[in-house]
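Novice: One file is attached below, upload.txt, containing compact mmCIF, C-alpha atoms.
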```
# COMPACT_ATOMS: atom_id res chain seq x y z
CA MET A 1 -61.24 68.04 -86.08
CA SER A 2 -57.70 68.72 -84.92
CA GLU A 3 -55.33 70.64 -87.15
CA THR A 4 -52.52 68.81 -88.89
CA PRO A 5 -49.44 69.45 -86.78
CA PRO A 6 -46.64 71.33 -88.58
CA ALA A 7 -43.96 69.18 -90.24
CA PRO A 8 -41.17 68.33 -87.79
CA THR A 9 -37.91 70.24 -88.02
CA VAL A 10 -34.52 68.56 -88.29
CA PHE A 11 -34.10 69.06 -84.54
CA ASP A 12 -37.56 67.60 -83.80
CA LEU A 13 -36.62 64.50 -85.77
CA PHE A 14 -33.40 64.08 -83.79
CA ALA A 15 -35.10 64.71 -80.44
CA GLY A 16 -38.08 62.44 -81.12
CA PHE A 17 -35.98 59.47 -82.13
CA PHE A 18 -33.42 60.14 -79.38
CA LEU A 19 -36.13 59.45 -76.80
CA VAL A 20 -37.26 56.36 -78.73
CA GLY A 21 -33.69 55.01 -78.66
CA LEU A 22 -33.34 55.75 -74.97
CA CYS A 23 -36.63 54.07 -74.02
CA GLY A 24 -36.46 51.17 -76.42
CA PHE A 25 -35.70 48.33 -74.05
CA GLY A 26 -36.76 45.02 -75.56
CA GLY A 27 -37.24 46.51 -79.05
CA VAL A 28 -37.83 50.00 -80.41
CA LEU A 29 -40.86 49.36 -82.63
CA PRO A 30 -43.57 49.86 -79.96
CA TRP A 31 -41.89 53.07 -78.78
CA ALA A 32 -41.42 54.39 -82.31
CA ARG A 33 -45.09 53.81 -83.15
CA ARG A 34 -46.19 55.54 -79.94
CA MET A 35 -43.99 58.59 -80.58
CA ILE A 36 -44.71 58.97 -84.31
CA VAL A 37 -48.45 58.23 -84.33
CA GLU A 38 -49.76 59.10 -80.87
CA GLN A 39 -47.49 61.63 -79.22
CA ARG A 40 -46.17 63.79 -82.08
CA GLN A 41 -48.69 62.78 -84.76
CA TRP A 42 -46.21 63.00 -87.61
CA LEU A 43 -48.06 60.19 -89.41
CA THR A 44 -51.48 58.56 -89.16
CA LEU A 45 -51.53 54.92 -88.10
CA ALA A 46 -52.24 53.84 -91.70
CA GLU A 47 -49.32 55.90 -93.04
CA PHE A 48 -47.06 54.49 -90.34
CA THR A 49 -48.09 50.89 -91.07
CA ASP A 50 -47.44 51.41 -94.77
CA MET A 51 -44.02 52.95 -94.10
CA LEU A 52 -43.16 50.09 -91.73
CA GLY A 53 -44.18 47.59 -94.42
CA LEU A 54 -41.69 49.14 -96.82
CA CYS A 55 -38.99 49.18 -94.16
CA GLN A 56 -39.55 45.51 -93.32
CA PHE A 57 -39.40 44.61 -96.99
CA LEU A 58 -36.04 46.37 -97.45
CA PRO A 59 -32.87 44.98 -95.86
CA GLY A 60 -31.50 46.63 -92.72
CA GLY A 61 -32.89 47.32 -89.28
CA ASN A 62 -36.62 48.01 -89.55
CA ILE A 63 -36.76 51.08 -87.33
CA MET A 64 -33.41 52.25 -88.65
CA ASN A 65 -35.05 52.28 -92.08
CA VAL A 66 -38.08 54.09 -90.63
CA THR A 67 -35.81 56.92 -89.44
CA ILE A 68 -34.47 57.26 -93.00
CA ALA A 69 -37.86 57.07 -94.76
CA LEU A 70 -39.62 59.39 -92.30
CA GLY A 71 -36.72 61.85 -91.93
CA SER A 72 -36.28 62.19 -95.67
CA ARG A 73 -40.00 62.57 -96.24
CA PHE A 74 -40.13 65.69 -94.04
CA ARG A 75 -36.62 67.18 -94.29
CA GLY A 76 -34.72 65.40 -97.06
CA VAL A 77 -31.29 63.91 -96.43
CA ALA A 78 -30.62 66.20 -93.43
CA GLY A 79 -33.82 64.96 -91.80
CA ALA A 80 -32.91 61.32 -92.48
CA VAL A 81 -29.45 61.76 -90.96
CA ALA A 82 -30.84 63.62 -87.92
CA ALA A 83 -33.51 61.00 -87.22
CA PHE A 84 -31.01 58.17 -87.64
CA LEU A 85 -28.39 59.75 -85.36
CA GLY A 86 -31.10 60.49 -82.82
CA LEU A 87 -32.16 56.84 -82.75
CA MET A 88 -28.63 55.47 -82.47
CA ALA A 89 -26.89 57.96 -80.14
CA ALA A 90 -28.06 56.70 -76.75
CA PRO A 91 -28.14 52.95 -77.53
CA VAL A 92 -24.58 52.90 -78.94
CA ALA A 93 -23.25 54.76 -75.89
CA ILE A 94 -25.16 52.50 -73.47
CA VAL A 95 -24.21 49.23 -75.15
CA ILE A 96 -20.52 50.16 -75.13
CA GLY A 97 -20.84 51.16 -71.47
CA LEU A 98 -22.27 47.70 -70.77
CA GLY A 99 -19.39 46.18 -72.75
CA VAL A 100 -16.86 48.02 -70.57
CA VAL A 101 -18.60 46.83 -67.39
CA TYR A 102 -18.79 43.27 -68.73
CA ASP A 103 -15.10 43.34 -69.59
CA ARG A 104 -14.10 44.50 -66.13
CA TYR A 105 -16.26 42.10 -64.15
CA ALA A 106 -16.61 39.10 -66.49
CA ASP A 107 -14.27 36.98 -64.34
CA LEU A 108 -16.23 37.31 -61.11
CA PRO A 109 -18.20 34.05 -60.63
CA PRO A 110 -21.65 35.68 -60.08
CA VAL A 111 -21.18 37.83 -63.19
CA ARG A 112 -19.97 34.87 -65.23
CA HIS A 113 -22.92 32.75 -64.14
CA ALA A 114 -25.35 35.60 -64.75
CA PHE A 115 -24.03 35.80 -68.30
CA VAL A 116 -24.35 32.08 -68.94
CA ALA A 117 -28.03 32.37 -67.94
CA LEU A 118 -28.59 35.68 -69.75
CA SER A 119 -27.09 34.28 -72.97
CA ALA A 120 -29.32 31.23 -72.71
CA ALA A 121 -32.42 33.40 -72.17
CA ALA A 122 -31.44 35.65 -75.11
CA ALA A 123 -31.18 32.53 -77.30
CA ALA A 124 -34.67 31.58 -76.12
CA PHE A 125 -35.89 35.08 -77.02
CA MET A 126 -34.63 34.50 -80.56
CA LEU A 127 -36.36 31.12 -80.59
CA SER A 128 -39.66 32.74 -79.59
CA THR A 129 -39.19 35.35 -82.35
CA ALA A 130 -38.67 32.52 -84.86
CA TRP A 131 -41.83 30.87 -83.54
CA LYS A 132 -43.86 34.05 -84.05
CA ILE A 133 -42.40 34.88 -87.47
CA ALA A 134 -43.03 31.30 -88.64
CA SER A 135 -46.61 31.07 -87.37
CA PRO A 136 -48.22 32.52 -90.56
CA LEU A 137 -46.62 29.62 -92.45
CA ARG A 138 -48.79 27.05 -90.67
CA GLY A 139 -50.91 25.05 -93.09
CA ARG A 140 -48.72 26.06 -96.06
CA PRO A 141 -46.47 23.05 -96.76
CA LEU A 142 -44.60 24.70 -99.61
CA ALA A 143 -43.69 27.76 -97.52
CA ILE A 144 -42.70 25.52 -94.60
CA GLY A 145 -40.51 23.55 -97.01
CA VAL A 146 -38.75 26.76 -98.08
CA ALA A 147 -38.22 27.78 -94.43
CA VAL A 148 -36.79 24.35 -93.52
CA CYS A 149 -34.56 24.39 -96.60
CA THR A 150 -33.28 27.87 -95.63
CA PHE A 151 -32.65 26.62 -92.09
CA LEU A 152 -30.62 23.63 -93.34
CA VAL A 153 -28.58 25.70 -95.79
CA ILE A 154 -27.64 28.32 -93.18
CA ALA A 155 -27.57 26.51 -89.81
CA VAL A 156 -26.41 23.03 -90.85
CA LEU A 157 -24.47 23.42 -94.11
CA ARG A 158 -23.27 26.91 -93.00
CA LEU A 159 -23.17 28.25 -96.56
CA PRO A 160 -22.32 31.95 -96.90
CA LEU A 161 -25.44 34.12 -96.80
CA PRO A 162 -24.42 36.46 -99.68
CA ALA A 163 -24.40 33.49 -102.06
CA ALA A 164 -27.34 31.62 -100.55
CA LEU A 165 -29.83 34.44 -99.99
CA PRO A 166 -30.40 35.54 -103.63
CA VAL A 167 -30.90 31.91 -104.68
CA LEU A 168 -33.25 31.17 -101.77
CA ALA A 169 -35.27 34.39 -102.16
CA LEU A 170 -35.71 34.19 -105.92
CA GLY A 171 -36.28 30.43 -105.82
CA SER A 172 -38.87 30.83 -103.09
CA ALA A 173 -40.64 33.67 -104.91
CA ALA A 174 -40.73 31.70 -108.17
CA LEU A 175 -41.89 28.49 -106.47
CA LEU A 176 -44.65 30.12 -104.40
CA TRP A 177 -45.78 32.17 -107.41
CA ARG A 178 -45.84 29.16 -109.72
CA PHE A 179 -48.00 27.06 -107.42
CA ARG A 180 -50.33 29.82 -106.39
CA LEU A 181 -51.36 30.39 -110.01
CA MET B 1 -6.29 49.77 -89.68
CA ASN B 2 -6.57 46.56 -91.61
CA THR B 3 -8.99 45.22 -89.03
CA LEU B 4 -11.19 48.32 -89.33
CA VAL B 5 -11.39 47.86 -93.09
CA GLU B 6 -12.28 44.18 -92.63
CA LEU B 7 -14.95 45.10 -90.07
CA ALA B 8 -16.39 47.66 -92.48
CA VAL B 9 -16.50 45.25 -95.42
CA VAL B 10 -18.07 42.42 -93.40
CA HIS B 11 -20.80 44.61 -91.91
CA ALA B 12 -21.56 46.57 -95.07
CA GLN B 13 -22.33 43.23 -96.75
CA LEU B 14 -24.48 42.16 -93.80
CA SER B 15 -26.43 45.41 -94.12
CA LEU B 16 -27.83 44.48 -97.51
CA LEU B 17 -28.58 40.91 -96.39
CA ALA B 18 -30.54 41.86 -93.28
CA PHE B 19 -34.02 41.07 -94.58
CA GLY B 20 -36.21 41.00 -91.49
CA GLY B 21 -33.65 42.90 -89.41
CA ALA B 22 -30.75 41.75 -87.27
CA ALA B 23 -32.17 38.33 -86.44
CA ALA B 24 -31.69 37.17 -90.02
CA ILE B 25 -27.97 37.98 -90.17
CA ILE B 26 -26.84 36.49 -86.83
CA PRO B 27 -25.69 33.22 -88.51
CA GLU B 28 -23.68 35.04 -91.18
CA MET B 29 -22.27 37.50 -88.64
CA GLN B 30 -21.21 34.59 -86.42
CA ARG B 31 -19.69 32.80 -89.44
CA GLN B 32 -17.66 35.89 -90.38
CA VAL B 33 -16.66 36.97 -86.87
CA VAL B 34 -15.96 33.51 -85.43
CA ASP B 35 -15.14 31.13 -88.30
CA VAL B 36 -13.67 33.36 -91.01
CA HIS B 37 -11.86 36.12 -89.08
CA HIS B 38 -11.41 34.40 -85.67
CA TRP B 39 -12.07 37.65 -83.81
CA MET B 40 -13.74 35.71 -80.94
CA ASP B 41 -15.22 32.29 -80.17
CA ALA B 42 -18.87 31.31 -80.51
CA ARG B 43 -19.51 31.56 -76.77
CA GLU B 44 -18.22 35.09 -76.59
CA PHE B 45 -20.29 36.01 -79.62
CA ALA B 46 -23.38 34.65 -77.85
CA ALA B 47 -22.46 36.61 -74.71
CA LEU B 48 -22.15 39.84 -76.70
CA TYR B 49 -25.48 39.12 -78.36
CA ALA B 50 -27.03 38.68 -74.90
CA LEU B 51 -25.42 41.89 -73.67
CA ALA B 52 -26.88 43.78 -76.64
CA GLN B 53 -30.33 42.43 -75.72
CA ALA B 54 -29.96 44.03 -72.29
CA ALA B 55 -29.42 47.48 -73.81
CA PRO B 56 -32.13 49.72 -75.27
CA GLY B 57 -32.24 50.47 -78.97
CA PRO B 58 -32.58 48.59 -82.25
CA ASN B 59 -31.72 44.89 -82.03
CA LEU B 60 -28.78 45.54 -84.34
CA MET B 61 -26.84 46.87 -81.33
CA VAL B 62 -24.85 43.62 -81.21
CA VAL B 63 -23.02 45.01 -84.25
CA SER B 64 -21.68 48.00 -82.30
CA LEU B 65 -20.63 45.70 -79.49
CA VAL B 66 -18.77 43.34 -81.83
CA GLY B 67 -16.96 46.33 -83.37
CA TRP B 68 -16.05 47.62 -79.93
CA ARG B 69 -14.80 44.20 -78.80
CA VAL B 70 -12.60 43.75 -81.87
CA ALA B 71 -11.21 47.26 -82.33
CA GLY B 72 -12.37 49.52 -79.50
CA PHE B 73 -14.19 52.82 -79.99
CA TRP B 74 -13.38 53.17 -83.68
CA GLY B 75 -14.39 49.58 -84.25
CA ALA B 76 -17.83 50.30 -82.80
CA LEU B 77 -18.18 53.42 -84.93
CA VAL B 78 -17.07 51.61 -88.09
CA THR B 79 -19.35 48.58 -87.66
CA THR B 80 -22.36 50.74 -86.74
CA ALA B 81 -21.84 52.99 -89.76
CA ALA B 82 -21.17 50.01 -92.05
CA ILE B 83 -24.29 48.10 -91.01
CA ALA B 84 -26.41 51.23 -91.47
CA ALA B 85 -25.11 52.97 -94.58
CA PRO B 86 -25.90 50.59 -97.47
CA SER B 87 -29.43 49.72 -96.32
CA SER B 88 -30.13 53.37 -95.41
CA ILE B 89 -29.07 54.60 -98.84
CA LEU B 90 -31.27 51.94 -100.41
CA THR B 91 -34.20 53.01 -98.21
CA LEU B 92 -33.60 56.65 -99.12
CA LEU B 93 -33.70 55.80 -102.82
CA VAL B 94 -36.61 53.37 -102.69
CA SER B 95 -38.97 55.02 -100.19
CA GLY B 96 -39.90 57.67 -102.76
CA MET B 97 -40.82 55.05 -105.38
CA TRP B 98 -42.57 52.63 -103.03
CA TYR B 99 -46.14 53.70 -103.68
CA ARG B 100 -45.78 53.45 -107.43
CA PHE B 101 -45.00 49.72 -107.32
CA LYS B 102 -47.36 48.89 -104.50
CA ASP B 103 -49.50 46.56 -106.62
CA ALA B 104 -46.84 45.34 -109.04
CA PRO B 105 -46.99 41.53 -109.29
CA TRP B 106 -43.21 41.10 -109.08
CA ARG B 107 -43.11 43.02 -105.82
CA LYS B 108 -45.86 40.92 -104.29
CA ALA B 109 -44.17 37.72 -105.46
CA LEU B 110 -40.83 38.79 -104.02
CA GLN B 111 -42.39 39.81 -100.72
CA ALA B 112 -44.29 36.52 -100.45
CA GLY B 113 -41.12 34.61 -101.34
CA LEU B 114 -39.00 36.39 -98.73
CA GLN B 115 -41.40 35.57 -95.88
CA PRO B 116 -40.53 31.87 -95.42
CA VAL B 117 -36.85 32.56 -96.13
CA THR B 118 -36.81 35.14 -93.32
CA ALA B 119 -38.51 32.64 -91.02
CA GLY B 120 -35.87 30.03 -91.88
CA LEU B 121 -33.04 32.50 -91.27
CA ILE B 122 -34.38 33.41 -87.83
CA MET B 123 -34.78 29.73 -86.95
CA ALA B 124 -31.12 29.29 -87.95
CA SER B 125 -30.15 32.23 -85.72
CA ALA B 126 -31.95 30.63 -82.80
CA ALA B 127 -30.34 27.23 -83.42
CA LEU B 128 -26.82 28.67 -83.54
CA LEU B 129 -27.34 30.75 -80.41
CA ILE B 130 -28.79 27.74 -78.58
CA ARG B 131 -25.88 25.57 -79.66
CA SER B 132 -23.33 28.00 -78.18
CA THR B 133 -25.29 28.86 -75.01
CA ALA B 134 -26.60 25.45 -73.88
CA VAL B 135 -23.29 24.73 -72.16
CA ASP B 136 -24.74 22.39 -69.53
CA TRP B 137 -28.09 21.03 -68.36
CA SER B 138 -28.88 24.08 -66.22
CA ALA B 139 -28.36 26.46 -69.16
CA ALA B 140 -30.49 24.18 -71.33
CA ALA B 141 -33.20 24.32 -68.67
CA VAL B 142 -33.05 28.14 -68.77
CA ILE B 143 -33.54 28.04 -72.54
CA VAL B 144 -36.60 25.79 -72.29
CA ALA B 145 -38.15 27.74 -69.41
CA ALA B 146 -37.46 31.16 -70.96
CA ALA B 147 -38.75 30.08 -74.37
CA GLY B 148 -42.00 28.95 -72.71
CA LEU B 149 -42.36 32.30 -70.96
CA PHE B 150 -41.54 34.32 -74.10
CA ILE B 151 -44.00 32.39 -76.25
CA PHE B 152 -46.89 31.64 -73.91
CA THR B 153 -47.01 34.60 -71.50
CA LYS B 154 -47.28 38.34 -71.93
CA LEU B 155 -44.46 39.05 -69.47
CA HIS B 156 -42.21 41.90 -70.55
CA PRO B 157 -39.18 40.36 -72.33
CA LEU B 158 -36.80 42.41 -70.21
CA LEU B 159 -38.33 40.93 -67.06
CA ILE B 160 -37.62 37.39 -68.33
CA LEU B 161 -34.03 38.29 -69.28
CA ALA B 162 -33.49 39.95 -65.89
CA GLY B 163 -34.97 36.92 -64.11
CA ALA B 164 -32.59 34.59 -65.93
CA ALA B 165 -29.59 36.80 -65.12
CA ALA B 166 -30.63 36.92 -61.45
CA ALA B 167 -30.97 33.13 -61.31
CA GLY B 168 -27.48 32.87 -62.80
CA ALA B 169 -25.95 35.38 -60.37
CA ALA B 170 -27.55 33.47 -57.48
CA GLY B 171 -25.57 30.42 -58.57
CA LEU B 172 -28.46 28.40 -59.95
CA VAL B 173 -27.02 28.29 -63.49
CA GLY B 174 -23.61 27.63 -64.99
```
Would you give me this structure, written as structure tokens?
Specialist:
Amino acid sequence: MSETPPAPTVFDLFAGFFLVGLCGFGGVLPWARRMIVEQRQWLTLAEFTDMLGLCQFLPGGNIMNVTIALGSRFRGVAGAVAAFLGLMAAPVAIVIGLGVVYDRYADLPPVRHAFVALSAAAAAFMLSTAWKIASPLRGRPLAIGVAVCTFLVIAVLRLPLPAALPVLALGSAALLWRFRL
Amino acid sequence: MNTLVELAVVHAQLSLLAFGGAAAIIPEMQRQVVDVHHWMDAREFAALYALAQAAPGPNLMVVSLVGWRVAGFWGALVTTAAIAAPSSILTLLVSGMWYRFKDAPWRKALQAGLQPVTAGLIMASAALLIRSTAVDWSAAAVIVAAAGLFIFTKLHPLLILAGAAAAGAAGLVG
């Protein structure tokens, strides 16, 4: 039996998430899980999964929410702020650096063509994410109907999300609840 | 100054709408940034989105990049803070109460109801990005090929993105 590691300090929270932000190419979730559960053992896997479930349920970036929930659990508001700033510091600096480079070289033909292809591949990445998120809906016509309806309202009719989302979410919840009973 | 306030208001709203993370708010962000405020065109928005994919960090990084593009350093700071603050405050308030309502029927119903809506929102994000990036047949071919690799292989996503960029730089695309 290993001892429970001591609760992380405010600095530990910043440092741990700083490395997650720095490493998190192609998504931070796998890196965050590895750091929190395996390397620093701040949470068990079950605790982490539960916390992630909450953070996916709430609006906002999932791992961004994890920094807030985990930071505040150990060190209150200071811990939440430290974990959040740790996560964001490196990525914000790097992405702006990339923006500066893009700005300077965007007119060179190889760079321009690279960006046409990169943008297309990034769109395909989003498509594959949609495919994976939608796969649990298979065999559930009502849920598929809600997803298609959402798609039409947002992508085709282009209605504003602040007005559409509450109606869609509550309508969907009521509909699925009604027909499951 | 006015622009910074507008950036803050737009992204603070997006923060509370981002069920399922950044992917769900790409259509609304594009609508606000391109159609409502005319800060850039749809192609540039798609390019910034792609650029953000090439950086490490949460997939909301496109927000910082949009802020930087529109209003420089302060723009990036404002949009990043605005996208984070409302949802973070909500998380701070709710995470303590979460366990108490774990089995409440209304929470389960809401969670089940949000699932297909989130799926629909992400499909919409993909459709809008495809519409502004499939500029010719070669770009469309990249989308089809990359989507196949993302879905049906276990290749690291960054490898696929880098491969596409390399093919573009070599003059095969665009």
Novice: In Å, with one decimal, what is the gap from CA of Met35 (chain A) to CA of Ala122 (chain A)?
Specialist: 26.7 Å
Novice: Starting from the point (-22.2, 22.5, -59.9), work out which residues of protein, DNA or RNA have an atom no more than 9 Å away when counting only C-alpha atoms; state them as a ChimeraX atom specification.
Specialist: /B:171-174
Novice: Please identify all polymer residues within 10 Å of Ile25 (chain B), counting all atoms listed in the file, omitting same-chain residues fewer than 5 positions from it, and present them as an MDAnalysis selection string.
Specialist: (chainID A and resid 60 161) or (chainID B and resid 11 14:20 30:31 60 118 121:122 124:125)
Novice: What's around Gly79 (chain A) at 12 Å? Count only C-alpha atoms, leave out sequence neighbours fewer than 3 positions away in its own chain, and write the answer as number ranges by chain.
Specialist: A: 7-17, 66-76, 82-86; B: 92
Novice: Between A:Val153, A:Ala163, A:Val95, A:Asp103, which one has atoms that come closest to Tyr49 (chain B), using all atoms listed in the file?
Specialist: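 Of A:Val153, A:Ala163, A:Val95, A:Asp103, the one nearest Tyr49 (chain B) is A:Val95, counting all atoms listed in the file.
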Novice: Can you pull out every residue within 9 Å of Leu129 (chain B), counting all atoms listed in the file, but drop anything in the same chain fewer than 3 positions away, and send it as JSON, numbers by chain?
Specialist: {"A": [119, 120, 122, 123, 124, 126], "B": [26, 27, 42, 43, 45, 46, 49, 124, 125, 126, 132, 133, 134]}
Novice: For the residues selected in the previous step, produce a file with C-alpha atoms as a PDB file, keeping the file's coordinate frame.
Specialist:
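selection.pdb written:
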```
ATOM      1  CA  SER A 119     -27.090  34.280 -72.970  1.00  0.00           C
ATOM      2  CA  ALA A 120     -29.320  31.230 -72.710  1.00  0.00           C
ATOM      3  CA  ALA A 122     -31.440  35.650 -75.110  1.00  0.00           C
ATOM      4  CA  ALA A 123     -31.180  32.530 -77.300  1.00  0.00           C
ATOM      5  CA  ALA A 124     -34.670  31.580 -76.120  1.00  0.00           C
ATOM      6  CA  MET A 126     -34.630  34.500 -80.560  1.00  0.00           C
TER       7      MET A 126
ATOM      8  CA  ILE B  26     -26.840  36.490 -86.830  1.00  0.00           C
ATOM      9  CA  PRO B  27     -25.690  33.220 -88.510  1.00  0.00           C
ATOM     10  CA  ALA B  42     -18.870  31.310 -80.510  1.00  0.00           C
ATOM     11  CA  ARG B  43     -19.510  31.560 -76.770  1.00  0.00           C
ATOM     12  CA  PHE B  45     -20.290  36.010 -79.620  1.00  0.00           C
ATOM     13  CA  ALA B  46     -23.380  34.650 -77.850  1.00  0.00           C
ATOM     14  CA  TYR B  49     -25.480  39.120 -78.360  1.00  0.00           C
ATOM     15  CA  ALA B 124     -31.120  29.290 -87.950  1.00  0.00           C
ATOM     16  CA  SER B 125     -30.150  32.230 -85.720  1.00  0.00           C
ATOM     17  CA  ALA B 126     -31.950  30.630 -82.800  1.00  0.00           C
ATOM     18  CA  SER B 132     -23.330  28.000 -78.180  1.00  0.00           C
ATOM     19  CA  THR B 133     -25.290  28.860 -75.010  1.00  0.00           C
ATOM     20  CA  ALA B 134     -26.600  25.450 -73.880  1.00  0.00           C
TER      21      ALA B 134
END
```
Novice: Would you mind telling me which residue in B:Val144, B:Ala47, B:Ala81, B:Leu65 lies nearest to Val9 (chain B) when using all atoms listed in the file?
Specialist: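 With all atoms listed in the file as the atom set, the closest residue is B:Ala81.
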Novice: Between CA of Gly171 (chain A) and CA of Asp50 (chain A), what distance in Å does the model show, to one decimal?
Specialist: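 Computing the Euclidean distance for CA of Gly171 (chain A) and CA of Asp50 (chain A) yields 26.2 Å.
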Novice: Restricting the calculation to all atoms listed in the file: of B:Leu110, B:Leu161, B:Val34, B:Val94, which residue gets closest to Ala52 (chain B)?
Specialist: B:Leu161
